[in-house]
Amino acid sequence: MSAAPAGARLRVTAARALCAVLDEGRSLKAVLAEVLPSIADARDRALLEAMLFAALRQQARHARVLAAWLAKPLPMRTAKDREAARLLALGLAQLDPLGLPAHAAVGATVDAVKLLGRPGLAGLFNALLRRASREPWPPPADPRADAGYPAWWLARLERDWPERLEALLAAGDAPAPLWLRANAPRLAREALAARLAAAGIATEPGIAAHSLRLCERANPASLPGHAEGAFHVQDLAAQLAVEALAPAPGSRVLDACAAPGGKTVGLLSAVGAAGEVLALDIDAARLARVHALVDSLAPSPARFVARVADAARPETWHDGRAFDAILLDAPCSASGILRRQPDIRLHRRATDLEALVATQARLLDALFPLLRPGGRLLYATCSVFRDENDRQVAGFLARTPAARLRPLPPRFGLDTGHGHQRFPGEDDGDGFFYALIEREARA
């Protein structure tokens, strides 16, 4: 492969990555974590990532256009067949929505199909991509079909948010910004913004206290302050979860589903040197990443305990001491973060949602009794489905006499009556839900 043009090699790599997501069912996040470190040039890494995001966001539309233009579907029997088919979709993605120059996109994609060992397809690919660069694409019979959502997903959105349906679909296809959380007290947000500005990197503060949004995409590892732990990458809406819980200095806090660890760092900062944070995760590998992040960022790691455990089974890990505050960032459909993980809509099933709703209820029931009287639990998800959010909380409150829902300020989103819903793109953050629940104090 080394003798081939670099652009063709990059597109072969992208085609194989797209196969891993679409044909093997792997997550885009995991595939990128494997592939990107092997690409030396930062511009090539950015292009590969952009091609994959565009191809996944526009997967249904590109498939429809190719079906209209091809006399018969491309074969998908072998791995090479599938790589070639995915390469053609990437060719369309380069033209629309990425808008690469046609000569570059077409030439590199045709070179890539030869490199894949399918030279017989070069003429067809050249003709199709040139047609796509010159002619209007056939319109869909139903514009919603091009969004690529399963029918059950669309039905839930239409039931839950009929007045916001089109905005939610559009938000799912929008690129997500890069948010940083300044690691105060090591470096305050204003000082981090000034340091980045001195390096020519413009930022804007968000509504979360430590948040900064980069005005242009950049590799976080290349930013000033990264090496010494001055910040970590965390979406605005995720940062707001810690602010909604607002544990007092000196508190004993449980981070029940801690991975990937950004909220754990925020909790440690909030409780101060006299506080304690217990972080749980059921997956040892994910918890190791939490530990690594805390070790590199938190000012006082000694007051941090991480444990591999099922949060829904306190009898296996709880020492009997009550918590002042609990953060339950529950496993969910992730329907609010499609901007960052566009493959979710392709992999998620209706049965997955049913199982997640049951898990969320089990976690709420298991963790709430661990609060001291007057203590607070924040239930949070990165979902926009009401079954996971306000309906879940309504059910919990109905069966838990000691639970009281506490109000949150408007910046935490739309008050649904049983929590607060933020929508994707709101203040340039992800879709998120928060419900602050207090355990009734004893008389």
# chains A, B, ... in the order shown; residues from 1 in each chain; ligands from 1

$ select_by_dssp --residues "range 176-416 of chain A" --states "strand (DSSP E)" --output "ChimeraX atom specification"
/A:179-182,203-205,211-214,231-233,252-255,276-281,304-308,323-329,371-381,403-406,414-415

$ write_last_selection --atoms "N, CA and C atoms" --output "compact mmCIF listing (two decimals), in the first residue's frame"
# COMPACT_ATOMS: atom_id res chain seq x y z
N TRP A 179 -16.01 21.42 23.48
CA TRP A 179 -16.08 22.12 24.76
C TRP A 179 -14.96 21.65 25.68
N LEU A 180 -14.38 22.58 26.40
CA LEU A 180 -13.38 22.28 27.41
C LEU A 180 -13.93 22.66 28.79
N ARG A 181 -13.46 21.92 29.79
CA ARG A 181 -13.73 22.33 31.18
C ARG A 181 -12.41 22.73 31.81
N ALA A 182 -12.27 23.99 32.16
CA ALA A 182 -11.04 24.46 32.81
C ALA A 182 -10.91 23.77 34.15
N THR A 203 -11.89 31.33 21.82
CA THR A 203 -12.86 30.56 22.60
C THR A 203 -13.99 31.46 23.04
N GLU A 204 -15.08 30.85 23.48
CA GLU A 204 -16.19 31.59 24.08
C GLU A 204 -16.64 30.86 25.33
N PRO A 205 -16.94 31.59 26.42
CA PRO A 205 -17.42 30.93 27.63
C PRO A 205 -18.85 30.44 27.45
N SER A 211 -16.74 26.30 31.65
CA SER A 211 -16.80 25.86 30.25
C SER A 211 -16.24 26.88 29.28
N LEU A 212 -15.56 26.36 28.26
CA LEU A 212 -15.06 27.15 27.14
C LEU A 212 -15.33 26.38 25.85
N ARG A 213 -15.91 27.08 24.87
CA ARG A 213 -16.14 26.47 23.57
C ARG A 213 -15.09 26.98 22.58
N LEU A 214 -14.44 26.05 21.89
CA LEU A 214 -13.48 26.45 20.86
C LEU A 214 -14.25 26.93 19.63
N PHE A 231 -7.08 21.43 31.59
CA PHE A 231 -8.47 21.27 31.15
C PHE A 231 -8.69 19.83 30.73
N HIS A 232 -9.95 19.48 30.55
CA HIS A 232 -10.28 18.24 29.85
C HIS A 232 -11.49 18.52 28.96
N VAL A 233 -11.68 17.65 27.98
CA VAL A 233 -12.79 17.81 27.03
C VAL A 233 -14.07 17.29 27.69
N ARG A 252 -19.72 13.95 51.25
CA ARG A 252 -19.42 12.59 50.79
C ARG A 252 -20.36 12.31 49.63
N VAL A 253 -19.77 12.06 48.44
CA VAL A 253 -20.54 11.98 47.21
C VAL A 253 -20.31 10.64 46.53
N LEU A 254 -21.37 10.09 45.95
CA LEU A 254 -21.29 8.89 45.11
C LEU A 254 -21.48 9.28 43.66
N ASP A 255 -20.52 8.91 42.82
CA ASP A 255 -20.66 9.02 41.37
C ASP A 255 -20.96 7.62 40.87
N GLU A 276 -15.18 13.70 49.94
CA GLU A 276 -14.85 12.34 49.47
C GLU A 276 -15.76 12.00 48.31
N VAL A 277 -15.19 11.41 47.28
CA VAL A 277 -15.97 10.94 46.13
C VAL A 277 -15.69 9.47 45.90
N LEU A 278 -16.75 8.67 45.90
CA LEU A 278 -16.66 7.26 45.53
C LEU A 278 -17.20 7.12 44.12
N ALA A 279 -16.36 6.65 43.21
CA ALA A 279 -16.75 6.46 41.81
C ALA A 279 -16.91 4.98 41.52
N LEU A 280 -18.07 4.62 40.97
CA LEU A 280 -18.35 3.24 40.60
C LEU A 280 -18.52 3.12 39.10
N ASP A 281 -18.11 2.00 38.57
CA ASP A 281 -18.48 1.63 37.22
C ASP A 281 -18.45 0.12 37.12
N PHE A 304 -10.26 10.30 46.73
CA PHE A 304 -11.01 9.67 45.66
C PHE A 304 -10.87 8.16 45.75
N VAL A 305 -11.99 7.46 45.69
CA VAL A 305 -12.00 5.99 45.69
C VAL A 305 -12.75 5.53 44.46
N ALA A 306 -12.15 4.61 43.71
CA ALA A 306 -12.80 4.04 42.52
C ALA A 306 -13.00 2.55 42.76
N ARG A 307 -14.16 2.05 42.37
CA ARG A 307 -14.46 0.65 42.62
C ARG A 307 -15.27 0.07 41.47
N VAL A 308 -14.85 -1.09 40.98
CA VAL A 308 -15.63 -1.82 39.98
C VAL A 308 -16.81 -2.47 40.70
N PHE A 323 -24.61 8.86 52.05
CA PHE A 323 -24.03 9.88 51.17
C PHE A 323 -24.79 11.18 51.31
N ASP A 324 -24.06 12.28 51.22
CA ASP A 324 -24.69 13.60 51.19
C ASP A 324 -25.30 13.88 49.82
N ALA A 325 -24.67 13.35 48.79
CA ALA A 325 -25.14 13.60 47.43
C ALA A 325 -24.77 12.40 46.55
N ILE A 326 -25.62 12.14 45.58
CA ILE A 326 -25.40 11.05 44.63
C ILE A 326 -25.63 11.59 43.22
N LEU A 327 -24.69 11.35 42.34
CA LEU A 327 -24.86 11.64 40.93
C LEU A 327 -25.13 10.33 40.20
N LEU A 328 -26.32 10.21 39.63
CA LEU A 328 -26.68 9.04 38.83
C LEU A 328 -26.82 9.49 37.38
N ASP A 329 -25.72 9.43 36.66
CA ASP A 329 -25.73 9.69 35.22
C ASP A 329 -26.02 8.34 34.58
N LEU A 371 -28.91 7.77 50.55
CA LEU A 371 -28.79 9.18 50.92
C LEU A 371 -29.09 9.38 52.40
N ARG A 372 -28.41 10.31 53.02
CA ARG A 372 -28.80 10.75 54.36
C ARG A 372 -30.09 11.54 54.23
N PRO A 373 -30.88 11.66 55.30
CA PRO A 373 -32.04 12.55 55.27
C PRO A 373 -31.61 13.97 54.90
N GLY A 374 -32.28 14.54 53.93
CA GLY A 374 -31.90 15.86 53.45
C GLY A 374 -30.89 15.83 52.32
N GLY A 375 -30.33 14.64 52.04
CA GLY A 375 -29.39 14.50 50.94
C GLY A 375 -30.08 14.54 49.58
N ARG A 376 -29.30 14.75 48.54
CA ARG A 376 -29.87 14.92 47.20
C ARG A 376 -29.23 13.99 46.18
N LEU A 377 -30.08 13.51 45.29
CA LEU A 377 -29.64 12.68 44.17
C LEU A 377 -29.98 13.41 42.88
N LEU A 378 -29.01 13.52 41.98
CA LEU A 378 -29.29 14.05 40.65
C LEU A 378 -29.39 12.89 39.68
N TYR A 379 -30.56 12.74 39.09
CA TYR A 379 -30.76 11.77 38.02
C TYR A 379 -30.55 12.50 36.70
N ALA A 380 -29.63 11.97 35.88
CA ALA A 380 -29.30 12.63 34.61
C ALA A 380 -29.18 11.60 33.51
N THR A 381 -29.54 11.99 32.30
CA THR A 381 -29.30 11.17 31.11
C THR A 381 -28.90 12.10 29.97
N ALA A 403 -39.22 10.78 48.64
CA ALA A 403 -38.54 11.54 47.59
C ALA A 403 -39.29 12.83 47.26
N ARG A 404 -38.55 13.91 47.13
CA ARG A 404 -39.11 15.21 46.77
C ARG A 404 -38.32 15.80 45.61
N LEU A 405 -39.03 16.23 44.58
CA LEU A 405 -38.37 16.86 43.44
C LEU A 405 -38.06 18.31 43.79
N ARG A 406 -36.82 18.72 43.57
CA ARG A 406 -36.39 20.08 43.83
C ARG A 406 -36.29 20.88 42.53
N LEU A 414 -35.85 23.07 29.80
CA LEU A 414 -37.30 23.14 29.87
C LEU A 414 -37.82 22.36 31.07
N ASP A 415 -38.64 23.00 31.89
CA ASP A 415 -39.25 22.34 33.04
C ASP A 415 -40.38 21.45 32.52

$ atom_distance --atom1 "CA of Leu267 in chain A" --atom2 "CA of Pro247 in chain A"
7.4 Å

$ closest_atom_pairs --of "range 8-58 of chain A" --to "range 146-158 of chain A" --cutoff "10 Å" --atoms "only C-alpha atoms" --output "Markdown table"
| residue | atom | partner | partner_atom | distance |
| --- | --- | --- | --- | --- |
| A:Leu56 | CA | A:Gly148 | CA | 9.0 |
| A:Arg57 | CA | A:Ala147 | CA | 7.5 |
| A:Gln58 | CA | A:Ala147 | CA | 7.1 |

$ atom_distance --atom1 "CA of Ala46 in chain A" --atom2 "CA of Gln94 in chain A"
12.9 Å

$ residues_around --residues "range 31-44 of chain A" --least-positions-apart "2" --cutoff "10 Å" --atoms "only C-alpha atoms" --output "tab-separated table (two decimals) with N, CA and C atoms, in the first residue's frame"
chain	number	residue	atom	x	y	z
A	6	ALA	N	-1.10	8.98	-1.16
A	6	ALA	CA	-1.52	9.07	0.24
A	6	ALA	C	-3.03	9.26	0.37
A	7	GLY	N	-3.63	10.03	-0.55
A	7	GLY	CA	-5.08	10.26	-0.48
A	7	GLY	C	-5.86	8.97	-0.67
A	10	LEU	N	-5.57	6.86	2.55
A	10	LEU	CA	-6.42	7.38	3.61
A	10	LEU	C	-7.87	6.95	3.39
A	11	ARG	N	-8.33	6.96	2.16
A	11	ARG	CA	-9.71	6.58	1.87
A	11	ARG	C	-9.95	5.09	2.04
A	13	THR	N	-8.40	3.36	4.35
A	13	THR	CA	-8.52	3.27	5.81
A	13	THR	C	-9.92	3.69	6.26
A	14	ALA	N	-10.44	4.76	5.66
A	14	ALA	CA	-11.78	5.24	6.02
A	14	ALA	C	-12.85	4.23	5.64
A	16	ARG	N	-12.55	0.99	5.42
A	16	ARG	CA	-12.49	-0.14	6.36
A	16	ARG	C	-13.06	0.24	7.72
A	17	ALA	N	-12.84	1.48	8.14
A	17	ALA	CA	-13.43	1.94	9.39
A	17	ALA	C	-14.95	2.01	9.28
A	18	LEU	N	-15.45	2.47	8.14
A	18	LEU	CA	-16.89	2.55	7.94
A	18	LEU	C	-17.51	1.15	7.92
A	20	ALA	N	-16.40	-1.35	9.65
A	20	ALA	CA	-16.42	-1.78	11.05
A	20	ALA	C	-17.66	-1.27	11.77
A	21	VAL	N	-18.09	-0.04	11.42
A	21	VAL	CA	-19.26	0.54	12.07
A	21	VAL	C	-20.55	-0.04	11.48
A	26	ARG	N	-19.73	-2.13	15.22
A	26	ARG	CA	-18.88	-1.49	16.22
A	26	ARG	C	-19.23	-0.01	16.33
A	27	SER	N	-18.90	0.58	17.46
A	27	SER	CA	-19.19	2.00	17.66
A	27	SER	C	-18.14	2.85	16.95
A	28	LEU	N	-18.59	3.96	16.41
A	28	LEU	CA	-17.66	4.88	15.74
A	28	LEU	C	-16.59	5.36	16.71
A	29	LYS	N	-16.99	5.62	17.94
A	29	LYS	CA	-16.05	6.11	18.95
A	29	LYS	C	-14.90	5.13	19.15
A	46	ALA	N	-8.03	14.66	10.62
A	46	ALA	CA	-9.24	15.47	10.59
A	46	ALA	C	-10.11	15.10	9.39
A	47	LEU	N	-9.49	14.87	8.22
A	47	LEU	CA	-10.25	14.51	7.03
A	47	LEU	C	-10.92	13.16	7.20
A	48	LEU	N	-10.19	12.18	7.72
A	48	LEU	CA	-10.78	10.86	7.93
A	48	LEU	C	-11.98	10.96	8.86
A	49	GLU	N	-11.83	11.68	9.95
A	49	GLU	CA	-12.93	11.81	10.91
A	49	GLU	C	-14.12	12.50	10.25
A	50	ALA	N	-13.86	13.56	9.49
A	50	ALA	CA	-14.94	14.30	8.83
A	50	ALA	C	-15.66	13.41	7.81
A	52	LEU	N	-15.99	10.12	7.86
A	52	LEU	CA	-16.79	9.12	8.55
A	52	LEU	C	-18.05	9.72	9.15
A	218	ALA	N	-10.07	21.80	16.76
A	218	ALA	CA	-8.65	21.62	17.03
A	218	ALA	C	-8.45	20.30	17.75
A	219	ASN	N	-7.25	19.78	17.66
A	219	ASN	CA	-6.90	18.57	18.40
A	219	ASN	C	-6.62	18.96	19.85
A	222	SER	N	-3.12	19.06	21.25
A	222	SER	CA	-2.18	20.07	20.76
A	222	SER	C	-2.37	21.43	21.42

$ select_by_dssp --residues "range 274-403 of chain A" --states "alpha helix (DSSP H)" --output "ChimeraX atom specification"
/A:284-297,344-347,350-367,390-399

$ closest_residue --among "A:Asn389, A:Thr400, A:Ser251, A:Gln341" --to "Ala30 in chain A" --atoms "only C-alpha atoms"
A:Gln341

$ closest_atom_pairs --of "range 225-282 of chain A" --to "range 418-433 of chain A" --cutoff "8 Å" --atoms "only C-alpha atoms" --output "Markdown table"
| residue | atom | partner | partner_atom | distance |
| --- | --- | --- | --- | --- |
| A:Asp235 | CA | A:Gly429 | CA | 6.3 |
| A:Leu236 | CA | A:Gly429 | CA | 5.2 |
| A:Ala237 | CA | A:Gly429 | CA | 5.5 |
| A:Ala238 | CA | A:Phe432 | CA | 7.6 |

$ write_last_selection --atoms "C-alpha atoms" --output "mmCIF file, in the first residue's frame"
data_model
loop_
_atom_site.group_PDB
_atom_site.id
_atom_site.type_symbol
_atom_site.label_atom_id
_atom_site.label_comp_id
_atom_site.auth_asym_id
_atom_site.auth_seq_id
_atom_site.Cartn_x
_atom_site.Cartn_y
_atom_site.Cartn_z
ATOM 1 C CA ASP A 235 -19.607 18.942 26.688
ATOM 2 C CA LEU A 236 -21.407 21.902 28.201
ATOM 3 C CA ALA A 237 -24.482 19.850 29.162
ATOM 4 C CA ALA A 238 -22.379 17.230 30.949
#

$ decode --residues "range 272-284 of chain A" --atoms "N, CA, C and O atoms" --output "short mmCIF file (atom, residue, chain, number, x, y, z; two decimals), in the first residue's frame"
data_model
loop_
_atom_site.label_atom_id
_atom_site.label_comp_id
_atom_site.auth_asym_id
_atom_site.auth_seq_id
_atom_site.Cartn_x
_atom_site.Cartn_y
_atom_site.Cartn_z
N GLY A 272 -13.97 19.68 47.55
CA GLY A 272 -12.77 20.19 48.19
C GLY A 272 -11.99 19.13 48.96
O GLY A 272 -12.36 17.96 49.01
N ALA A 273 -10.92 19.58 49.60
CA ALA A 273 -9.98 18.66 50.25
C ALA A 273 -10.61 17.88 51.38
O ALA A 273 -10.18 16.77 51.70
N ALA A 274 -11.67 18.41 52.00
CA ALA A 274 -12.30 17.71 53.13
C ALA A 274 -13.38 16.74 52.68
O ALA A 274 -13.94 16.01 53.49
N GLY A 275 -13.68 16.72 51.38
CA GLY A 275 -14.74 15.86 50.87
C GLY A 275 -14.24 14.51 50.42
O GLY A 275 -13.05 14.20 50.50
N GLU A 276 -15.18 13.70 49.94
CA GLU A 276 -14.85 12.34 49.47
C GLU A 276 -15.76 12.00 48.31
O GLU A 276 -16.97 12.27 48.35
N VAL A 277 -15.19 11.41 47.28
CA VAL A 277 -15.97 10.94 46.13
C VAL A 277 -15.69 9.47 45.90
O VAL A 277 -14.53 9.08 45.75
N LEU A 278 -16.75 8.67 45.90
CA LEU A 278 -16.66 7.26 45.53
C LEU A 278 -17.20 7.12 44.12
O LEU A 278 -18.35 7.48 43.86
N ALA A 279 -16.36 6.65 43.21
CA ALA A 279 -16.75 6.46 41.81
C ALA A 279 -16.91 4.98 41.52
O ALA A 279 -16.00 4.19 41.78
N LEU A 280 -18.07 4.62 40.97
CA LEU A 280 -18.35 3.24 40.60
C LEU A 280 -18.52 3.12 39.10
O LEU A 280 -19.02 4.04 38.45
N ASP A 281 -18.11 2.00 38.57
CA ASP A 281 -18.48 1.63 37.22
C ASP A 281 -18.45 0.12 37.12
O ASP A 281 -17.59 -0.53 37.74
N ILE A 282 -19.36 -0.44 36.35
CA ILE A 282 -19.46 -1.89 36.26
C ILE A 282 -18.39 -2.48 35.36
O ILE A 282 -18.12 -3.68 35.41
N ASP A 283 -17.75 -1.62 34.56
CA ASP A 283 -16.74 -2.06 33.59
C ASP A 283 -15.35 -1.65 34.08
O ASP A 283 -15.06 -0.46 34.24
N ALA A 284 -14.47 -2.64 34.29
CA ALA A 284 -13.14 -2.36 34.84
C ALA A 284 -12.31 -1.48 33.92
O ALA A 284 -11.59 -0.58 34.37
#
